[in-house]
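J.: Sending over model.cif (mmCIF, N, CA and C atoms).
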```
data_my_file
loop_
_atom_site.label_atom_id
_atom_site.label_comp_id
_atom_site.auth_asym_id
_atom_site.auth_seq_id
_atom_site.Cartn_x
_atom_site.Cartn_y
_atom_site.Cartn_z
N MET A 1 -6.77 39.20 16.48
CA MET A 1 -7.78 38.25 16.05
C MET A 1 -7.34 36.84 16.45
N LYS A 2 -8.27 36.08 16.94
CA LYS A 2 -8.01 34.69 17.34
C LYS A 2 -7.81 33.83 16.10
N ARG A 3 -6.83 32.95 16.15
CA ARG A 3 -6.57 32.01 15.06
C ARG A 3 -6.69 30.60 15.63
N VAL A 4 -7.40 29.74 14.91
CA VAL A 4 -7.70 28.41 15.43
C VAL A 4 -7.48 27.36 14.35
N ILE A 5 -6.81 26.28 14.72
CA ILE A 5 -6.68 25.11 13.86
C ILE A 5 -7.66 24.08 14.41
N VAL A 6 -8.52 23.56 13.54
CA VAL A 6 -9.54 22.63 14.01
C VAL A 6 -9.68 21.45 13.05
N ASP A 7 -9.93 20.28 13.59
CA ASP A 7 -10.16 19.07 12.81
C ASP A 7 -11.63 19.00 12.44
N TYR A 8 -11.94 18.35 11.33
CA TYR A 8 -13.33 18.28 10.88
C TYR A 8 -14.25 17.66 11.93
N LYS A 9 -13.74 16.75 12.76
CA LYS A 9 -14.57 16.08 13.76
C LYS A 9 -15.07 17.04 14.83
N LYS A 10 -14.42 18.17 14.97
CA LYS A 10 -14.75 19.13 16.02
C LYS A 10 -15.44 20.38 15.48
N LEU A 11 -15.92 20.33 14.24
CA LEU A 11 -16.56 21.50 13.65
C LEU A 11 -17.95 21.72 14.23
N THR A 12 -18.28 22.97 14.45
CA THR A 12 -19.63 23.33 14.86
C THR A 12 -20.49 23.46 13.60
N SER A 13 -21.78 23.47 13.78
CA SER A 13 -22.70 23.67 12.66
C SER A 13 -22.46 25.02 11.99
N ASP A 14 -22.12 26.03 12.80
CA ASP A 14 -21.86 27.36 12.23
C ASP A 14 -20.67 27.33 11.28
N ILE A 15 -19.60 26.66 11.68
CA ILE A 15 -18.41 26.57 10.82
C ILE A 15 -18.72 25.74 9.58
N LEU A 16 -19.49 24.66 9.74
CA LEU A 16 -19.89 23.87 8.57
C LEU A 16 -20.72 24.71 7.61
N ASN A 17 -21.60 25.55 8.13
CA ASN A 17 -22.37 26.46 7.27
C ASN A 17 -21.45 27.38 6.48
N LEU A 18 -20.46 27.95 7.15
CA LEU A 18 -19.51 28.83 6.48
C LEU A 18 -18.72 28.08 5.41
N LEU A 19 -18.31 26.85 5.73
CA LEU A 19 -17.60 26.02 4.74
C LEU A 19 -18.47 25.76 3.53
N ALA A 20 -19.74 25.42 3.76
CA ALA A 20 -20.66 25.13 2.66
C ALA A 20 -20.88 26.37 1.80
N GLU A 21 -20.96 27.55 2.43
CA GLU A 21 -21.13 28.79 1.68
C GLU A 21 -19.87 29.15 0.88
N GLU A 22 -18.71 28.96 1.52
CA GLU A 22 -17.44 29.32 0.89
C GLU A 22 -17.04 28.34 -0.22
N TYR A 23 -17.36 27.07 -0.04
CA TYR A 23 -16.96 26.03 -0.99
C TYR A 23 -18.16 25.19 -1.41
N PRO A 24 -19.15 25.78 -2.09
CA PRO A 24 -20.37 25.04 -2.45
C PRO A 24 -20.14 23.88 -3.41
N SER A 25 -19.07 23.95 -4.19
CA SER A 25 -18.76 22.87 -5.13
C SER A 25 -17.68 21.95 -4.61
N GLY A 26 -17.32 22.10 -3.35
CA GLY A 26 -16.26 21.30 -2.77
C GLY A 26 -14.95 22.07 -2.70
N ILE A 27 -13.98 21.44 -2.08
CA ILE A 27 -12.69 22.08 -1.86
C ILE A 27 -11.75 21.69 -3.00
N ASN A 28 -11.15 22.70 -3.62
CA ASN A 28 -10.20 22.48 -4.71
C ASN A 28 -8.78 22.61 -4.18
N GLU A 29 -7.85 22.10 -4.94
CA GLU A 29 -6.45 22.12 -4.54
C GLU A 29 -5.94 23.54 -4.28
N GLU A 30 -6.41 24.51 -5.07
CA GLU A 30 -5.94 25.88 -4.89
C GLU A 30 -6.51 26.54 -3.63
N ASP A 31 -7.52 25.94 -3.02
CA ASP A 31 -8.10 26.45 -1.77
C ASP A 31 -7.30 26.03 -0.54
N VAL A 32 -6.42 25.06 -0.70
CA VAL A 32 -5.73 24.44 0.43
C VAL A 32 -4.45 25.20 0.78
N ILE A 33 -4.28 25.44 2.08
CA ILE A 33 -3.08 26.06 2.63
C ILE A 33 -2.26 24.95 3.29
N THR A 34 -0.97 24.90 3.01
CA THR A 34 -0.09 23.90 3.60
C THR A 34 0.91 24.59 4.52
N PHE A 35 1.07 24.05 5.75
CA PHE A 35 2.00 24.63 6.71
C PHE A 35 2.50 23.55 7.66
N LYS A 36 3.53 23.88 8.43
CA LYS A 36 4.06 22.98 9.46
C LYS A 36 3.49 23.40 10.81
N ASN A 37 3.03 22.41 11.58
CA ASN A 37 2.52 22.73 12.92
C ASN A 37 3.67 22.72 13.92
N SER A 38 3.36 22.87 15.20
CA SER A 38 4.39 22.95 16.24
C SER A 38 5.17 21.65 16.39
N LYS A 39 4.61 20.54 15.89
CA LYS A 39 5.31 19.24 15.94
C LYS A 39 6.07 18.98 14.65
N ASN A 40 6.18 20.01 13.79
CA ASN A 40 6.86 19.94 12.50
C ASN A 40 6.19 18.96 11.54
N GLU A 41 4.88 18.75 11.72
CA GLU A 41 4.11 17.92 10.81
C GLU A 41 3.47 18.81 9.76
N THR A 42 3.41 18.31 8.53
CA THR A 42 2.76 19.07 7.46
C THR A 42 1.25 18.96 7.63
N VAL A 43 0.59 20.11 7.61
CA VAL A 43 -0.86 20.17 7.76
C VAL A 43 -1.43 20.87 6.54
N GLU A 44 -2.52 20.33 6.02
CA GLU A 44 -3.24 20.97 4.93
C GLU A 44 -4.58 21.41 5.48
N ALA A 45 -4.98 22.65 5.19
CA ALA A 45 -6.21 23.20 5.74
C ALA A 45 -6.82 24.21 4.78
N VAL A 46 -8.09 24.51 5.00
CA VAL A 46 -8.75 25.61 4.30
C VAL A 46 -9.08 26.67 5.34
N GLU A 47 -9.09 27.91 4.89
CA GLU A 47 -9.30 29.04 5.79
C GLU A 47 -10.76 29.49 5.76
N ILE A 48 -11.31 29.69 6.94
CA ILE A 48 -12.64 30.25 7.11
C ILE A 48 -12.51 31.43 8.07
N ARG A 49 -12.98 32.60 7.66
CA ARG A 49 -12.88 33.80 8.50
C ARG A 49 -14.25 34.19 9.03
N THR A 50 -14.27 34.53 10.31
CA THR A 50 -15.45 35.12 10.94
C THR A 50 -15.00 36.45 11.54
N GLU A 51 -15.92 37.17 12.12
CA GLU A 51 -15.55 38.43 12.77
C GLU A 51 -14.66 38.18 13.98
N GLU A 52 -14.84 37.03 14.63
CA GLU A 52 -14.11 36.72 15.85
C GLU A 52 -12.80 35.97 15.63
N ALA A 53 -12.71 35.19 14.53
CA ALA A 53 -11.56 34.30 14.40
C ALA A 53 -11.29 33.93 12.95
N ILE A 54 -10.07 33.45 12.75
CA ILE A 54 -9.68 32.81 11.49
C ILE A 54 -9.53 31.32 11.81
N TYR A 55 -10.32 30.49 11.15
CA TYR A 55 -10.25 29.05 11.37
C TYR A 55 -9.48 28.41 10.23
N LEU A 56 -8.55 27.55 10.57
CA LEU A 56 -7.89 26.70 9.59
C LEU A 56 -8.43 25.30 9.84
N VAL A 57 -9.26 24.83 8.92
CA VAL A 57 -9.91 23.53 9.06
C VAL A 57 -9.08 22.50 8.31
N LYS A 58 -8.60 21.51 9.06
CA LYS A 58 -7.76 20.48 8.46
C LYS A 58 -8.52 19.78 7.34
N VAL A 59 -7.83 19.59 6.22
CA VAL A 59 -8.43 19.01 5.03
C VAL A 59 -8.11 17.52 4.96
N GLY A 60 -9.06 16.79 4.46
CA GLY A 60 -8.88 15.37 4.22
C GLY A 60 -10.14 14.82 3.58
N VAL A 61 -10.10 13.57 3.23
CA VAL A 61 -11.25 12.92 2.61
C VAL A 61 -12.46 13.00 3.54
N LYS A 62 -12.24 12.84 4.83
CA LYS A 62 -13.35 12.85 5.78
C LYS A 62 -13.98 14.23 5.88
N LEU A 63 -13.20 15.31 5.77
CA LEU A 63 -13.77 16.65 5.78
C LEU A 63 -14.66 16.84 4.56
N GLU A 64 -14.17 16.44 3.41
CA GLU A 64 -14.95 16.59 2.19
C GLU A 64 -16.25 15.81 2.27
N GLN A 65 -16.21 14.60 2.85
CA GLN A 65 -17.42 13.80 3.00
C GLN A 65 -18.38 14.45 4.00
N ALA A 66 -17.85 14.97 5.11
CA ALA A 66 -18.69 15.64 6.11
C ALA A 66 -19.35 16.88 5.50
N LEU A 67 -18.59 17.64 4.71
CA LEU A 67 -19.13 18.83 4.05
C LEU A 67 -20.22 18.44 3.06
N GLN A 68 -19.98 17.40 2.28
CA GLN A 68 -20.98 16.96 1.30
C GLN A 68 -22.25 16.47 2.01
N ASN A 69 -22.09 15.72 3.10
CA ASN A 69 -23.25 15.26 3.88
C ASN A 69 -24.03 16.44 4.42
N PHE A 70 -23.31 17.45 4.90
CA PHE A 70 -23.95 18.65 5.45
C PHE A 70 -24.75 19.36 4.36
N ILE A 71 -24.17 19.52 3.18
CA ILE A 71 -24.85 20.18 2.07
C ILE A 71 -26.07 19.37 1.64
N ASP A 72 -25.91 18.05 1.52
CA ASP A 72 -27.02 17.18 1.13
C ASP A 72 -28.16 17.24 2.14
N ASP A 73 -27.83 17.19 3.43
CA ASP A 73 -28.84 17.26 4.47
C ASP A 73 -29.54 18.60 4.47
N ASP A 74 -28.79 19.67 4.22
CA ASP A 74 -29.37 21.01 4.17
C ASP A 74 -30.38 21.11 3.03
N GLU A 75 -30.04 20.52 1.89
CA GLU A 75 -30.95 20.54 0.74
C GLU A 75 -32.20 19.73 1.02
N ASP A 76 -32.06 18.66 1.84
CA ASP A 76 -33.20 17.81 2.19
C ASP A 76 -34.02 18.40 3.33
N GLY A 77 -33.50 19.43 4.00
CA GLY A 77 -34.20 20.03 5.12
C GLY A 77 -33.98 19.32 6.44
N THR A 78 -33.00 18.42 6.49
CA THR A 78 -32.70 17.74 7.75
C THR A 78 -31.51 18.39 8.40
N ASP A 79 -31.38 18.21 9.70
CA ASP A 79 -30.26 18.79 10.45
C ASP A 79 -29.10 17.82 10.48
N TYR A 80 -27.92 18.31 10.12
CA TYR A 80 -26.70 17.53 10.21
C TYR A 80 -26.13 17.73 11.60
N ASN A 81 -25.87 16.66 12.32
CA ASN A 81 -25.46 16.76 13.72
C ASN A 81 -23.95 16.63 13.84
N MET A 82 -23.32 17.68 14.35
CA MET A 82 -21.90 17.67 14.66
C MET A 82 -21.76 18.05 16.12
N ASP A 83 -20.64 17.69 16.72
CA ASP A 83 -20.38 18.13 18.09
C ASP A 83 -20.48 19.64 18.14
N SER A 84 -21.09 20.18 19.16
CA SER A 84 -21.29 21.62 19.23
C SER A 84 -20.08 22.36 19.77
N GLU A 85 -19.08 21.65 20.23
CA GLU A 85 -17.94 22.31 20.82
C GLU A 85 -16.68 21.94 20.04
N ALA A 86 -15.91 22.93 19.64
CA ALA A 86 -14.68 22.68 18.89
C ALA A 86 -13.51 22.60 19.88
N SER A 87 -12.83 21.46 19.86
CA SER A 87 -11.60 21.32 20.64
C SER A 87 -10.48 21.70 19.70
N ASP A 88 -9.91 22.88 19.89
CA ASP A 88 -9.01 23.39 18.88
C ASP A 88 -7.66 23.77 19.47
N ILE A 89 -6.73 23.97 18.57
CA ILE A 89 -5.38 24.38 18.94
C ILE A 89 -5.23 25.82 18.46
N SER A 90 -4.99 26.72 19.36
CA SER A 90 -4.85 28.13 19.00
C SER A 90 -3.38 28.46 18.81
N PHE A 91 -3.13 29.47 17.99
CA PHE A 91 -1.79 30.00 17.86
C PHE A 91 -1.86 31.49 18.01
N ASP A 92 -0.73 32.18 18.03
CA ASP A 92 -0.65 33.59 18.40
C ASP A 92 -1.67 34.47 17.68
N ASP A 93 -2.18 35.45 18.43
CA ASP A 93 -3.10 36.45 17.87
C ASP A 93 -2.30 37.51 17.13
N ASP A 94 -3.03 38.26 16.27
CA ASP A 94 -2.39 39.40 15.56
C ASP A 94 -2.08 40.49 16.52
#
```
Do you think you could lay out the structure here as structure tokens?

T.:
Amino acid sequence: MKRVIVDYKKLTSDILNLLAEEYPSGINEEDVITFKNSKNETVEAVEIRTEEAIYLVKVGVKLEQALQNFIDDDEDGTDYNMDSEASDISFDDD
């Protein structure tokens, strides 16, 4: 299975939909996974699984705001526009 680390700025609408479904009340501390990346930097992320991949979406204030905007726009019936292509960093497959 493909594993991908992605920043909130590079999320597709599909991944934002999954985030909104998985965390409708927002992201809590117990939802966050902490790990070291290849540069030995501490990264905090939440996990989203699809049939094709496991996404680790980097967590931060901006992700929470983007998620809230997406949920608010969805409730209003407007489309939230994100870049359609995720520039991501992959790590080893299972």

J.: So which residues get picked by the PyMOL selection byres ((chain A and resi 54) around 6) here, written as number ranges by chain?

T.: A: 1-4, 48-50, 52-53, 55-56

J.: Could you please take those selected residues and save N, CA and C atoms as a PDB file, keeping the file's coordinate frame?

T.:
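Once everything was written out, this is out20.pdb:
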```
ATOM      1  N   MET A   1      -6.770  39.200  16.480  1.00  0.00           N
ATOM      2  CA  MET A   1      -7.780  38.250  16.050  1.00  0.00           C
ATOM      3  C   MET A   1      -7.340  36.840  16.450  1.00  0.00           C
ATOM      4  N   LYS A   2      -8.270  36.080  16.940  1.00  0.00           N
ATOM      5  CA  LYS A   2      -8.010  34.690  17.340  1.00  0.00           C
ATOM      6  C   LYS A   2      -7.810  33.830  16.100  1.00  0.00           C
ATOM      7  N   ARG A   3      -6.830  32.950  16.150  1.00  0.00           N
ATOM      8  CA  ARG A   3      -6.570  32.010  15.060  1.00  0.00           C
ATOM      9  C   ARG A   3      -6.690  30.600  15.630  1.00  0.00           C
ATOM     10  N   VAL A   4      -7.400  29.740  14.910  1.00  0.00           N
ATOM     11  CA  VAL A   4      -7.700  28.410  15.430  1.00  0.00           C
ATOM     12  C   VAL A   4      -7.480  27.360  14.350  1.00  0.00           C
ATOM     13  N   ILE A  48     -11.310  29.690   6.940  1.00  0.00           N
ATOM     14  CA  ILE A  48     -12.640  30.250   7.110  1.00  0.00           C
ATOM     15  C   ILE A  48     -12.510  31.430   8.070  1.00  0.00           C
ATOM     16  N   ARG A  49     -12.980  32.600   7.660  1.00  0.00           N
ATOM     17  CA  ARG A  49     -12.880  33.800   8.500  1.00  0.00           C
ATOM     18  C   ARG A  49     -14.250  34.190   9.030  1.00  0.00           C
ATOM     19  N   THR A  50     -14.270  34.530  10.310  1.00  0.00           N
ATOM     20  CA  THR A  50     -15.450  35.120  10.940  1.00  0.00           C
ATOM     21  C   THR A  50     -15.000  36.450  11.540  1.00  0.00           C
ATOM     22  N   GLU A  52     -14.840  37.030  14.630  1.00  0.00           N
ATOM     23  CA  GLU A  52     -14.110  36.720  15.850  1.00  0.00           C
ATOM     24  C   GLU A  52     -12.800  35.970  15.630  1.00  0.00           C
ATOM     25  N   ALA A  53     -12.710  35.190  14.530  1.00  0.00           N
ATOM     26  CA  ALA A  53     -11.560  34.300  14.400  1.00  0.00           C
ATOM     27  C   ALA A  53     -11.290  33.930  12.950  1.00  0.00           C
ATOM     28  N   TYR A  55     -10.320  30.490  11.150  1.00  0.00           N
ATOM     29  CA  TYR A  55     -10.250  29.050  11.370  1.00  0.00           C
ATOM     30  C   TYR A  55      -9.480  28.410  10.230  1.00  0.00           C
ATOM     31  N   LEU A  56      -8.550  27.550  10.570  1.00  0.00           N
ATOM     32  CA  LEU A  56      -7.890  26.700   9.590  1.00  0.00           C
ATOM     33  C   LEU A  56      -8.430  25.300   9.840  1.00  0.00           C
TER      34      LEU A  56
END
```

J.: Which is closest to Asp31 in chain A among A:Ala45, A:Val57, A:Leu16, A:Leu11, if we use all atoms listed in the file?

T.: A:Ala45

J.: Carefully work through the PyMOL selection byres (((chain A and resi 32-34 and name CA) around 12) and name CA) for this structure and note down the residues it includes, as a ChimeraX atom specification.

T.: /A:5,23,26-31,35-37,40-48,55-60

J.: As an exercise, work out the distance from CA of Ala20 in chain A to atom C of Phe70 in chain A in Å and give it to one decimal place.

T.: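 Computing the Euclidean distance for CA of Ala20 in chain A and atom C of Phe70 in chain A yields 7.3 Å.
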
J.: Between atom C of Thr12 in chain A and atom C of Asp73 in chain A, what distance in Å does the model show, to one decimal?

T.: 13.7 Å

J.: Padding of 3 Å on every side, edges along x, y and z, all listed atoms of range 49-57 of chain A included: what centre and edge lengths in Å, to one decimal, does that box have, as AutoDock Vina command-line options?

T.:
```
--center_x -11.9 --center_y 30.5 --center_z 11.8 --size_x 14.0 --size_y 21.9 --size_z 14.2
```

J.: From the DSSP assignment of the backbone, select every residue of range 9-67 of chain A that is strand (DSSP E), and format the answer as a VMD selection string.

T.: chain A and resid 33 to 36 42 to 49 53 to 58

J.: Can you work out the spacing between CA of Lys39 in chain A and atom C of Lys10 in chain A in Å, to one decimal?

T.: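 Interatomic distance, CA of Lys39 in chain A to atom C of Lys10 in chain A: 20.8 Å.
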